[in-house]
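Below is one structure; the comments refer to it alone.
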Amino acid sequence: MDGQGQIVIERVNHTYRPPRGRAVLALSDISLEVRPREFMALLGPSGCGKSTLLYLVGGFLPIEAGRIVVEGKPVSAPGPDRGIVFQHFALFPWKTVRANILYGLERQGMPRAEREQRAQAFIDMVGLRGFEDSYPSHLSGGMKQRTALARTLAFDPDILLMDEPFGALDAQTRSLMQTELLSIWKRTPKTVIFVTHDVQEAVYLAERVAVMSARPGRIKAIVETKFGNRDPSILRTKEFVEKVDELWNLVRDEAIKAQESNQETKAS
Amino acid sequence: MTQTAVTQTALRYLPLVLIAIAWEVAARLNIVDALALPPLSKVAVAWADLVRDGELVDNGMASLYRAFAGLGLAIIVGGGLGLCMARSRLLDMFVNPLVELFYPLPKSALIPVTVLWLGFGDGSKILLIFLGCMIPVTIGAYNGARGSDHVLVWSARSMGARRVRLMWDVVVPSALPELLNGIRTALALAFILLVSSELIVSQKGFGYLIGYLGSTGSYEGMYAVVLTVAFLGFAADRLYQLVMQWLLQWRE
């Protein structure tokens with residue numbers, strides 16, 4: 001079990017080349033190690049390349065410079081060892097909730113009876129019993145994201161890559177989903193990289209937070225955010241509020257820089 | 001169907017009934033020349049005669065075979081081509097100019113060409129319909145596949161789907177709404193090309209029958225065949241829309 005779920009990112013650069021316009025350095029010299037079964041948040045202003053870094057770990061984008069090693073093997077393509085959950089759910093709209101969850105299990109070659117049983121177990125876990133045969137277009141945002149989470153968890157990846165997964169949800173649903181994610185993670189610990197621009201969310205969910213700078217994205221600081229017992233009651237404790245402040249101070253400068261550089265780009 | 005649904009459908013087609021009545025009355029009262037527009041009732045009688053002596057059915061089957069063979073080939077070849085073009089830049093570069101060039105060409109201009117290649121029989125009609133229907137099907141498949149959301153492709157890849165599976169499981173269903181619209185256009189085009197090619201060069205089929213009855217002065221019969229073709233086109237489109245609705249029930 002050694003190294004299971006371990007992610008090592010070494011000196012990664014990434015240049016974004018739009019079809020028209022000039023190339024932009026999106027990530028600069030990123031090195032980061034995520035320990036097995038650690039919950040790590042990537043926090044930064046929008047446009048800092050945090051999602052790009054996640055996609056590189058996922059194997060969706062080619063690694064141009066540096067290397068990313070997952071469980072001892074260099075990343076070259078996507079694989080079922082790394083499950084991903086997107087902000088806009090990325091459910092197959094032509095498949096029902098059940099069929100969406102079954103899809104990954106089919107691709108893993110799981111026997112029919114077993115995968116039906118497993119899909120049902122995950123449908124129950126995320127509280128979607130009764131909606132198995134609904135299409136995504138008939139679900140609320142929260143239910144869609146529950147389905148997406150169940151789909152990814154069902155094929156049991158060692159690593160969970162989450163790209164602002166609760167960013168498209170309303171505040172109440174978001175806070176419920178955060179608590180739910182934590183309780184799932186406590187029951188079946190996985191290595192998680194959780195991309196967000198929400199400081200409070202990062203502090204609440206993660207054990208460590210990697211703060212990224214404005215473009216080009218660099219790792220500006222790594223902050224421990226381990227709290228003894230993470231339930232919603234800690235949100236009001238002094239420790240928690242101080243931690244949020246500390247991180248907010250780190251992020252604020254970058255957010256201002258990001259805004260200024262956006263204005264420059266628009267002005268030029 | 002519920003009672004209200006029946007009433008609604010009846011109301012929807014009421015204008016057609018009114019036109020039919022106006023037609024009958026106008027012809028009976030000699031408001032229009034009875035030769036140019038025979039009464040609808042006489043057209044109905046001529047229709048029954050054509051059915052009884054087998055002419056309508058024989059010619060009709062020949063026509064439908066040509067239409068659906070051409071359309072079927074166009075769906076298979078055009079659909080495949082459009083999907084592959086969306087996935088392969090090289091193929092796209094090579095085929096796209098051909099599609100653009102061929103798109104505005106009136107396909108009926110190819111009637112003599114297909115006859116030159118394949119003669120007066122089924123082959124030339126099927127080829128013409130195939131060529132004409134290919135365009136909307138190819139464009140529909142191409143646009144649909146290009147519009148497929150890359151995060152869906154990524155999701156499927158992270159779950160272990162590769163190449164053909166990815167195409168079949170993600171790209172094809174993503175392209176389906178536009179592909180099905182392209183096929184609907186092709187369906188209408190198939191009827192147009194069918195009848196026009198049969199009118200010009202053929203010894204059987206709806207188009208041939210219309211031309212033959214017209215040239216021998218059996219105008220009631222001619223109208224009967226024209227209305228039959230119109231009805232078949234309409235019915236095919238309605239049926240197709242039902243299939244489309246069923247295939248796309250996941251939307252909304």
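A note on labels: chains of the structure tokens are A, B, ... as shown, every chain counts residues from 1, and ligands are counted from 1 in their shown order.
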
* Pull out every residue of chain B sitting within 6 Å of chain A, counting only C-alpha atoms, and send them as a list in words. =>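 Those within range of chain A come out as Val151, Leu152, Ser158, Met159, Gly160 and Trp250 of chain B.
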
Deliver the residues from the most recent selection as a file, using C-alpha atoms, as an mmCIF file, in the first residue's frame.
```cif
data_model
loop_
_atom_site.group_PDB
_atom_site.id
_atom_site.type_symbol
_atom_site.label_atom_id
_atom_site.label_comp_id
_atom_site.auth_asym_id
_atom_site.auth_seq_id
_atom_site.Cartn_x
_atom_site.Cartn_y
_atom_site.Cartn_z
ATOM 1 C CA VAL B 151 -15.284 17.710 -20.230
ATOM 2 C CA LEU B 152 -17.600 14.835 -21.213
ATOM 3 C CA SER B 158 -10.817 9.084 -16.970
ATOM 4 C CA MET B 159 -13.251 6.190 -16.574
ATOM 5 C CA GLY B 160 -11.295 4.142 -19.086
ATOM 6 C CA TRP B 250 -33.238 13.023 -22.243
#
```

* Asked: Hey, can you check how far CA of Ile129 in chain B sits from CA of Gly70 in chain B?
  ->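 Distance reported for this atom pair: 5.0 Å.
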
* Asked: Using only C-alpha atoms, which of the listed residues (B:Tyr219, B:Phe191, B:Phe94, B:Trp168) sits closest to Pro39 in chain B?
  ->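 Answer, going by the shortest atom-to-atom distance: B:Tyr219.
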
* Contacts of range 45-56 of chain B at 12 Å or less, counting only C-alpha atoms, minus same-chain residues fewer than 6 places along, as a list of chain:residue names? ->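 The filter keeps B:Pro38, B:Pro39, B:Ala62, B:Ser63, B:Leu64, B:Lys204, B:Gly205, B:Phe206, B:Gly207, B:Tyr208, B:Leu209, B:Ile210, B:Tyr212, B:Leu213, B:Ser218, B:Tyr219, B:Glu220, B:Gly221, B:Met222, B:Tyr223, B:Ala224, B:Val225, B:Val226, B:Leu227, B:Thr228, B:Val229.
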
* **Given only C-alpha atoms as the counted atoms, nearest of A:Val24, A:Ala214, A:Leu153, A:Ala41 to Ile184 in chain A** =>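 Result for the nearest residue to Ile184 in chain A: A:Leu153.
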
* **Close residues, range 110-127 of chain A itself excluded, 7 Å, only C-alpha atoms, min 6 positions apart in chain, as a PyMOL selection string** => chain A and resi 98+101-102+146+150+154

Those same residues - C-alpha atoms - I'd like them written as a short mmCIF file (atom, residue, chain, number, x, y, z; two decimals), in the first residue's frame.
```cif
data_model
loop_
_atom_site.label_atom_id
_atom_site.label_comp_id
_atom_site.auth_asym_id
_atom_site.auth_seq_id
_atom_site.Cartn_x
_atom_site.Cartn_y
_atom_site.Cartn_z
CA ARG A 98 -28.10 5.06 -12.66
CA ILE A 101 -22.96 5.83 -12.29
CA LEU A 102 -22.81 2.45 -14.04
CA ARG A 146 -24.22 14.28 -6.02
CA ALA A 150 -21.27 9.04 -6.86
CA ALA A 154 -18.22 4.24 -7.50
#
```

* Residues at most 8 Å from Gly5 in chain A, counting only C-alpha atoms, excluding those fewer than 4 positions away in the same chain, as a list in words? -> Arg35, Pro36, Arg37, Val70, Glu71, Asp158, Ile159, Lys190 and Thr191 of chain A

* Would you list the contacts of Leu131 in chain B as a ChimeraX atom specification, taking every protein, DNA or RNA residue within 12 Å and counting only C-alpha atoms, but skipping same-chain residues closer than 6 positions in sequence? => /B:67,69-75,77-78,99,102-103,105-111,113-114,124-125,137-138,186,189-190,193-194

* Based on DSSP run over this structure's backbone, return all residues of range 7-185 of chain B in alpha helix (DSSP H), as a ChimeraX atom specification. => /B:7-12,14-28,40-52,55-87,89-102,111-118,122-146,150-158,163-166,172-185

* Distance of CA of Val192 in chain A from CA of Leu160 in chain A, expressed in Å to one decimal place -> 4.7 Å

* So which residues touch Cys84 in chain B within 10 Å, counting only C-alpha atoms, skipping near sequence neighbours fewer than 6 positions away, as JSON, numbers by chain? -> {"B": [78, 90, 91, 92, 138, 141, 142, 145, 167]}

* Nearest to Ala26 in chain A: which of A:Pro232, A:Gly217, A:Pro165, A:Gly141 is it, counting only C-alpha atoms? -> A:Gly217

* To do: Quick one: pull the distance between CA of Ala161 in chain B and CA of Gly147 in chain B, Å, one decimal.
  =>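 Computed distance, CA of Ala161 in chain B to CA of Gly147 in chain B, equals 19.2 Å.
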